[in-house]
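One file, input35.txt, is given below (compact mmCIF, C-alpha atoms).
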# COMPACT_ATOMS: atom_id res chain seq x y z
CA MET A 23 96.25 -37.81 -241.21
CA ARG A 24 96.62 -34.12 -240.37
CA LYS A 25 93.19 -33.41 -241.90
CA PHE A 26 91.66 -36.09 -239.71
CA TRP A 27 93.12 -34.68 -236.49
CA ARG A 28 91.96 -31.20 -237.46
CA SER A 29 88.46 -32.53 -238.21
CA PHE A 30 88.45 -34.48 -234.95
CA SER A 31 89.49 -31.41 -232.93
CA ILE A 32 86.79 -29.29 -234.56
CA SER A 33 84.19 -31.98 -233.87
CA VAL A 34 85.13 -32.11 -230.21
CA MET A 35 84.94 -28.32 -229.92
CA VAL A 36 81.54 -28.22 -231.63
CA LEU A 37 80.20 -30.90 -229.30
CA GLY A 38 81.49 -28.96 -226.31
CA ALA A 39 79.70 -25.83 -227.47
CA VAL A 40 76.49 -27.76 -228.11
CA LEU A 41 76.63 -29.56 -224.79
CA MET A 42 76.97 -26.43 -222.67
CA SER A 43 74.85 -23.97 -224.62
CA PHE A 44 71.32 -24.86 -223.57
CA LEU A 45 70.58 -25.44 -219.94
CA PRO A 46 70.62 -22.84 -217.14
CA GLN A 47 73.73 -22.54 -215.02
CA ASN A 48 72.34 -21.22 -211.72
CA VAL A 49 70.25 -23.05 -209.15
CA PHE A 50 67.55 -21.06 -207.36
CA ALA A 51 66.28 -23.10 -204.41
CA GLU A 52 62.84 -21.61 -203.76
CA ASN A 53 62.40 -18.93 -206.37
CA LYS A 54 58.67 -18.72 -207.03
CA ASP A 55 59.18 -16.34 -209.95
CA LEU A 56 61.43 -18.90 -211.58
CA TYR A 57 58.91 -21.69 -211.09
CA SER A 58 56.18 -19.43 -212.48
CA LEU A 59 58.30 -18.86 -215.57
CA VAL A 60 58.85 -22.60 -215.93
CA ALA A 61 55.11 -23.24 -215.67
CA GLU A 62 54.26 -20.44 -218.13
CA ASN A 63 56.85 -21.51 -220.69
CA CYS A 64 56.42 -25.25 -220.26
CA GLY A 65 55.66 -25.96 -223.91
CA SER A 66 58.57 -24.00 -225.32
CA ILE A 67 61.00 -25.48 -222.77
CA LYS A 68 59.96 -28.99 -223.75
CA THR A 69 60.28 -28.09 -227.44
CA GLN A 70 63.82 -26.85 -226.82
CA ILE A 71 64.68 -30.05 -224.96
CA ARG A 72 63.34 -32.16 -227.87
CA ARG A 73 65.38 -30.12 -230.36
CA LEU A 74 68.43 -30.46 -228.17
CA GLN A 75 67.89 -34.21 -227.96
CA VAL A 76 67.83 -34.48 -231.76
CA SER A 77 70.90 -32.28 -232.13
CA ASP A 78 72.79 -34.17 -229.42
CA ALA A 79 71.86 -37.52 -230.97
CA ASN A 80 73.28 -36.42 -234.34
CA THR A 81 76.43 -35.15 -232.67
CA ARG A 82 76.76 -38.33 -230.61
CA VAL A 83 76.53 -40.51 -233.72
CA ALA A 84 79.12 -38.43 -235.58
CA LEU A 85 81.52 -38.38 -232.64
CA GLY A 86 80.92 -42.06 -231.89
CA GLN A 87 81.92 -42.96 -235.44
CA LYS A 88 85.04 -40.81 -235.22
CA TYR A 89 85.97 -42.26 -231.83
CA ASP A 90 85.53 -45.80 -233.20
CA TYR A 91 87.71 -44.95 -236.20
CA ILE A 92 90.41 -43.41 -234.03
CA SER A 93 90.41 -46.34 -231.61
CA GLY A 94 89.74 -49.24 -233.96
CA VAL A 95 91.75 -48.18 -236.99
CA LEU A 96 94.28 -45.46 -236.28
CA MET A 97 95.46 -46.43 -232.81
CA ASN A 98 95.37 -50.21 -233.35
CA ASN A 99 97.24 -49.99 -236.66
CA MET A 100 99.83 -47.64 -235.22
CA ASP A 101 100.39 -49.86 -232.19
CA LEU A 102 100.92 -52.85 -234.48
CA ARG A 103 103.31 -50.90 -236.71
CA VAL A 104 105.35 -49.73 -233.73
CA MET A 105 105.61 -53.30 -232.40
CA ALA A 106 106.48 -54.65 -235.88
CA ASN A 107 109.37 -52.17 -235.95
CA GLY A 108 110.67 -53.64 -232.72
CA GLN A 109 109.88 -50.59 -230.62
CA ASN A 110 108.30 -50.54 -227.20
CA ALA A 111 104.59 -49.79 -227.70
CA ASP A 112 103.55 -50.02 -224.04
CA GLY A 113 102.89 -46.29 -223.64
CA LEU A 114 100.90 -46.07 -226.86
CA MET A 115 98.93 -49.19 -225.99
CA LYS A 116 98.05 -47.81 -222.56
CA ILE A 117 96.76 -44.57 -224.09
CA ALA A 118 94.82 -46.56 -226.72
CA ASN A 119 93.35 -48.78 -224.00
CA ASP A 120 92.32 -45.74 -221.94
CA PHE A 121 90.81 -44.22 -225.07
CA GLY A 122 88.78 -47.37 -225.74
CA LYS A 123 87.48 -47.42 -222.16
CA SER A 124 86.56 -43.74 -222.42
CA VAL A 125 84.65 -44.41 -225.65
CA GLU A 126 82.59 -47.04 -223.82
CA TYR A 127 82.01 -44.62 -220.94
CA PHE A 128 81.00 -41.95 -223.47
CA ARG A 129 78.34 -44.28 -224.86
CA LYS A 130 77.03 -45.19 -221.41
CA SER A 131 76.98 -41.63 -220.09
CA TYR A 132 75.25 -40.39 -223.23
CA THR A 133 72.61 -43.12 -222.89
CA VAL A 134 71.94 -42.11 -219.28
CA TYR A 135 71.69 -38.46 -220.35
CA ASP A 136 69.37 -39.23 -223.28
CA ASN A 137 67.12 -41.48 -221.17
CA PHE A 138 66.85 -38.76 -218.53
CA ALA A 139 66.02 -36.17 -221.22
CA THR A 140 63.20 -38.45 -222.36
CA LYS A 141 62.04 -38.87 -218.77
CA ILE A 142 61.99 -35.12 -218.11
CA LEU A 143 59.72 -34.63 -221.13
CA GLY A 144 57.14 -36.77 -219.31
CA VAL A 145 56.99 -34.41 -216.32
CA ASP A 146 54.11 -31.93 -216.44
CA CYS A 147 56.06 -28.72 -215.97
CA ALA A 148 52.88 -26.63 -215.86
CA GLN A 149 51.59 -28.58 -212.84
CA HIS A 150 54.94 -29.49 -211.23
CA PRO A 151 57.43 -26.71 -212.07
CA GLN A 152 59.67 -27.37 -209.04
CA GLU A 153 60.08 -31.05 -209.91
CA PHE A 154 60.63 -30.16 -213.55
CA TYR A 155 63.25 -27.55 -212.68
CA ALA A 156 65.08 -29.98 -210.37
CA ASN A 157 65.10 -32.51 -213.20
CA LEU A 158 66.33 -29.83 -215.58
CA GLU A 159 69.26 -29.16 -213.27
CA GLU A 160 70.02 -32.90 -213.13
CA LEU A 161 69.84 -33.04 -216.93
CA ARG A 162 72.34 -30.19 -217.12
CA LEU A 163 74.73 -32.10 -214.87
CA LEU A 164 74.37 -35.29 -216.93
CA ARG A 165 75.02 -33.33 -220.10
CA GLY A 166 78.07 -31.76 -218.49
CA GLY A 167 79.30 -35.27 -217.70
CA VAL A 168 79.06 -36.21 -221.36
CA LYS A 169 80.98 -33.07 -222.27
CA GLY A 170 83.63 -33.91 -219.68
CA ASN A 171 84.02 -37.34 -221.23
CA CYS A 172 84.43 -35.76 -224.67
CA ASN A 173 87.15 -33.55 -223.22
CA THR A 174 88.88 -36.62 -221.78
CA LEU A 175 88.75 -38.33 -225.18
CA ALA A 176 90.20 -35.24 -226.84
CA GLU A 177 93.01 -35.12 -224.26
CA LEU A 178 93.80 -38.81 -224.78
CA ALA A 179 93.82 -38.36 -228.57
CA ASP A 180 96.16 -35.37 -228.19
CA LYS A 181 98.39 -37.36 -225.84
CA TYR A 182 98.53 -40.25 -228.33
CA ARG A 183 99.30 -37.86 -231.17
CA ALA A 184 102.08 -36.20 -229.15
CA GLU A 185 103.58 -39.63 -228.50
CA ILE A 186 103.55 -40.37 -232.23
CA VAL A 187 105.19 -37.02 -233.02
CA LEU A 188 107.85 -37.78 -230.41
CA ARG A 189 108.48 -41.16 -232.03
CA GLN A 190 108.94 -39.52 -235.43
CA LYS A 191 111.96 -37.77 -233.96
CA GLY A 192 113.45 -41.14 -232.98
CA PRO A 193 112.59 -44.44 -231.32
CA VAL A 194 111.42 -44.40 -227.73
CA GLU A 195 113.22 -47.14 -225.79
CA ASN A 196 111.84 -46.91 -222.24
CA GLU A 197 108.32 -45.75 -221.57
Do you think you could lay out the structure here as C-alpha cells?
Amino acid sequence: MRKFWRSFSISVMVLGAVLMSFLPQNVFAENKDLYSLVAENCGSIKTQIRRLQVSDANTRVALGQKYDYISGVLMNNMDLRVMANGQNADGLMKIANDFGKSVEYFRKSYTVYDNFATKILGVDCAQHPQEFYANLEELRLLRGGVKGNCNTLAELADKYRAEIVLRQKGPVENE
C-alpha cells in the first residue's frame, strides 16, 4: 500500500510538471514583435503542441487508471471494511465521494483542454498570429485547470490517507 501511495504521489508531481512546463506565462496585449515571432515559428509551435498533446494523453491515461483504482478499489474496499467493523465511515465516504466527483471533473476538463488543443492546431498562425496567440493563452489556462484538478485529487487522496492513519491509532467515533 505504501508503494502505491508513493507511486501515486510521484505520478501527480510528474503530471504537474508536464502540465505547466510548455506554454508561455505572460500576456502581451499588442506586442507586434511577439506576433511576428509566432508567425515566423508557426510550424515549430504547432509541432510542440502536437507533442504536448501526445504526452498529455499518455499522462492522462496513466493518471486516469490510477484514479479509478484509488476510487473504485482502495477507497470503496476501505469504506466497506470500516463499516463492517462497526465504525462510522461517514468522513471516509464523503472524501471518497468527493474524490469520485473530482475524477469525473478531471476527465471532463481534460477533454475540453484536448479538444481546444486540436482546435488551435487548425488556426493558421502564420496568417493570424494574434488569434493564435490568444488561443494559446486560453489553452494554457485550460491546461492549468487540469493541473488544478490533479492537485485537488492529490489533496483528497492525502486527506483520505491521513484519515486511515488516524483510524489505525484507534476507532473514530464521531466524524
Report as AutoDock Vina command-line options the centre and the edge lengths, in Å to one decimal, of the axis-aligned box holding every listed atom of stretch 62-76 of chain A, padded by 8 Å on each side.
--center_x 61.3 --center_y -27.5 --center_z -224.9 --size_x 30.2 --size_y 30.0 --size_z 29.6
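Put simply, atom CA of A:Ser66 is 16.2 Å away from atom CA of A:Asn157.
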Query raised in the report: Of the candidates A:Val125, A:Leu163, A:Leu102, A:Ala148, which shows the shortest atom-to-atom distance to A:Tyr57, using all atoms listed in the file?
Result: A:Ala148
Requested in this report: Tell me, as a PyMOL selection string, which residues lie within 8 Å of A:Ala139, counting only C-alpha atoms; anything in the same chain fewer than 6 positions away does not count.
Outcome: chain A and resi 71+75+161
Query raised in the report: Which neighbours of A:Gly122 fall inside 9 Å, counting only C-alpha atoms, when residues of the same chain fewer than 6 positions from it are skipped, and could you give them as a list of chain:residue names?
Result: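 Selected residues are A:Tyr89, A:Asp90, A:Ser93, A:Gly94.
Taking atom CA of A:Cys147 as the reference point, atom CA of A:Val60 is found at 6.7 Å.
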Report summary line: Between atom CA of A:Lys169 and atom CA of A:Tyr135 lies a distance of 10.9 Å
Query - Residue nearest A:Thr133 among A:Leu175, A:Ala184, A:Ala156, A:Ala79 (counting only C-alpha atoms) - result: A:Ala79
Report task. Counting only C-alpha atoms, figure out which residue out of A:Glu62, A:Arg162, A:Tyr91, A:Gly86 gets nearest to A:Arg129. Result -> A:Gly86
Please complete stretch 62-90 of chain A so it has N, CA and C atoms, and hand it over as an mmCIF file, in the coordinates of the input.
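Done, and the output landed in rebuild_36.cif:
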data_model
loop_
_atom_site.group_PDB
_atom_site.id
_atom_site.type_symbol
_atom_site.label_atom_id
_atom_site.label_comp_id
_atom_site.auth_asym_id
_atom_site.auth_seq_id
_atom_site.Cartn_x
_atom_site.Cartn_y
_atom_site.Cartn_z
ATOM 1 N N GLU A 62 54.791 -21.228 -217.009
ATOM 2 C CA GLU A 62 54.260 -20.440 -218.130
ATOM 3 C C GLU A 62 54.865 -20.842 -219.469
ATOM 4 N N ASN A 63 56.133 -21.199 -219.449
ATOM 5 C CA ASN A 63 56.850 -21.510 -220.690
ATOM 6 C C ASN A 63 57.076 -23.007 -220.883
ATOM 7 N N CYS A 64 56.271 -23.800 -220.247
ATOM 8 C CA CYS A 64 56.420 -25.250 -220.260
ATOM 9 C C CYS A 64 56.546 -25.807 -221.677
ATOM 10 N N GLY A 65 55.659 -25.432 -222.538
ATOM 11 C CA GLY A 65 55.660 -25.960 -223.910
ATOM 12 C C GLY A 65 56.924 -25.632 -224.665
ATOM 13 N N SER A 66 57.362 -24.382 -224.573
ATOM 14 C CA SER A 66 58.570 -24.000 -225.320
ATOM 15 C C SER A 66 59.821 -24.636 -224.717
ATOM 16 N N ILE A 67 59.854 -24.816 -223.405
ATOM 17 C CA ILE A 67 61.000 -25.480 -222.770
ATOM 18 C C ILE A 67 61.091 -26.915 -223.265
ATOM 19 N N LYS A 68 59.966 -27.601 -223.287
ATOM 20 C CA LYS A 68 59.960 -28.990 -223.750
ATOM 21 C C LYS A 68 60.348 -29.081 -225.233
ATOM 22 N N THR A 69 59.902 -28.115 -226.025
ATOM 23 C CA THR A 69 60.280 -28.090 -227.440
ATOM 24 C C THR A 69 61.782 -27.925 -227.588
ATOM 25 N N GLN A 70 62.369 -27.046 -226.768
ATOM 26 C CA GLN A 70 63.820 -26.850 -226.820
ATOM 27 C C GLN A 70 64.558 -28.122 -226.391
ATOM 28 N N ILE A 71 64.042 -28.809 -225.395
ATOM 29 C CA ILE A 71 64.680 -30.050 -224.960
ATOM 30 C C ILE A 71 64.611 -31.097 -226.073
ATOM 31 N N ARG A 72 63.467 -31.209 -226.750
ATOM 32 C CA ARG A 72 63.340 -32.160 -227.870
ATOM 33 C C ARG A 72 64.332 -31.824 -228.981
ATOM 34 N N ARG A 73 64.429 -30.536 -229.316
ATOM 35 C CA ARG A 73 65.380 -30.120 -230.360
ATOM 36 C C ARG A 73 66.814 -30.433 -229.939
ATOM 37 N N LEU A 74 67.104 -30.172 -228.691
ATOM 38 C CA LEU A 74 68.430 -30.460 -228.170
ATOM 39 C C LEU A 74 68.724 -31.950 -228.225
ATOM 40 N N GLN A 75 67.732 -32.760 -227.907
ATOM 41 C CA GLN A 75 67.890 -34.210 -227.960
ATOM 42 C C GLN A 75 68.252 -34.662 -229.372
ATOM 43 N N VAL A 76 67.555 -34.123 -230.364
ATOM 44 C CA VAL A 76 67.830 -34.480 -231.760
ATOM 45 C C VAL A 76 69.234 -34.036 -232.149
ATOM 46 N N SER A 77 69.577 -32.810 -231.812
ATOM 47 C CA SER A 77 70.900 -32.280 -232.130
ATOM 48 C C SER A 77 71.997 -33.092 -231.436
ATOM 49 N N ASP A 78 71.801 -33.382 -230.161
ATOM 50 C CA ASP A 78 72.790 -34.170 -229.420
ATOM 51 C C ASP A 78 72.919 -35.576 -229.979
ATOM 52 N N ALA A 79 71.809 -36.168 -230.404
ATOM 53 C CA ALA A 79 71.860 -37.520 -230.970
ATOM 54 C C ALA A 79 72.690 -37.513 -232.259
ATOM 55 N N ASN A 80 72.484 -36.513 -233.106
ATOM 56 C CA ASN A 80 73.280 -36.420 -234.340
ATOM 57 C C ASN A 80 74.755 -36.239 -234.029
ATOM 58 N N THR A 81 75.042 -35.385 -233.069
ATOM 59 C CA THR A 81 76.430 -35.150 -232.670
ATOM 60 C C THR A 81 77.036 -36.398 -232.073
ATOM 61 N N ARG A 82 76.267 -37.107 -231.240
ATOM 62 C CA ARG A 82 76.760 -38.330 -230.610
ATOM 63 C C ARG A 82 77.099 -39.380 -231.655
ATOM 64 N N VAL A 83 76.257 -39.529 -232.665
ATOM 65 C CA VAL A 83 76.530 -40.510 -233.720
ATOM 66 C C VAL A 83 77.803 -40.133 -234.466
ATOM 67 N N ALA A 84 77.932 -38.871 -234.849
ATOM 68 C CA ALA A 84 79.120 -38.430 -235.580
ATOM 69 C C ALA A 84 80.386 -38.623 -234.750
ATOM 70 N N LEU A 85 80.335 -38.210 -233.488
ATOM 71 C CA LEU A 85 81.520 -38.380 -232.640
ATOM 72 C C LEU A 85 81.791 -39.858 -232.363
ATOM 73 N N GLY A 86 80.738 -40.628 -232.129
ATOM 74 C CA GLY A 86 80.920 -42.060 -231.890
ATOM 75 C C GLY A 86 81.633 -42.737 -233.044
ATOM 76 N N GLN A 87 81.257 -42.382 -234.263
ATOM 77 C CA GLN A 87 81.920 -42.960 -235.440
ATOM 78 C C GLN A 87 83.378 -42.541 -235.502
ATOM 79 N N LYS A 88 83.649 -41.276 -235.200
ATOM 80 C CA LYS A 88 85.040 -40.810 -235.220
ATOM 81 C C LYS A 88 85.850 -41.481 -234.111
ATOM 82 N N TYR A 89 85.262 -41.601 -232.927
ATOM 83 C CA TYR A 89 85.970 -42.260 -231.830
ATOM 84 C C TYR A 89 86.273 -43.712 -232.188
ATOM 85 N N ASP A 90 85.308 -44.402 -232.790
ATOM 86 C CA ASP A 90 85.530 -45.800 -233.200
ATOM 87 C C ASP A 90 86.648 -45.889 -234.232
#
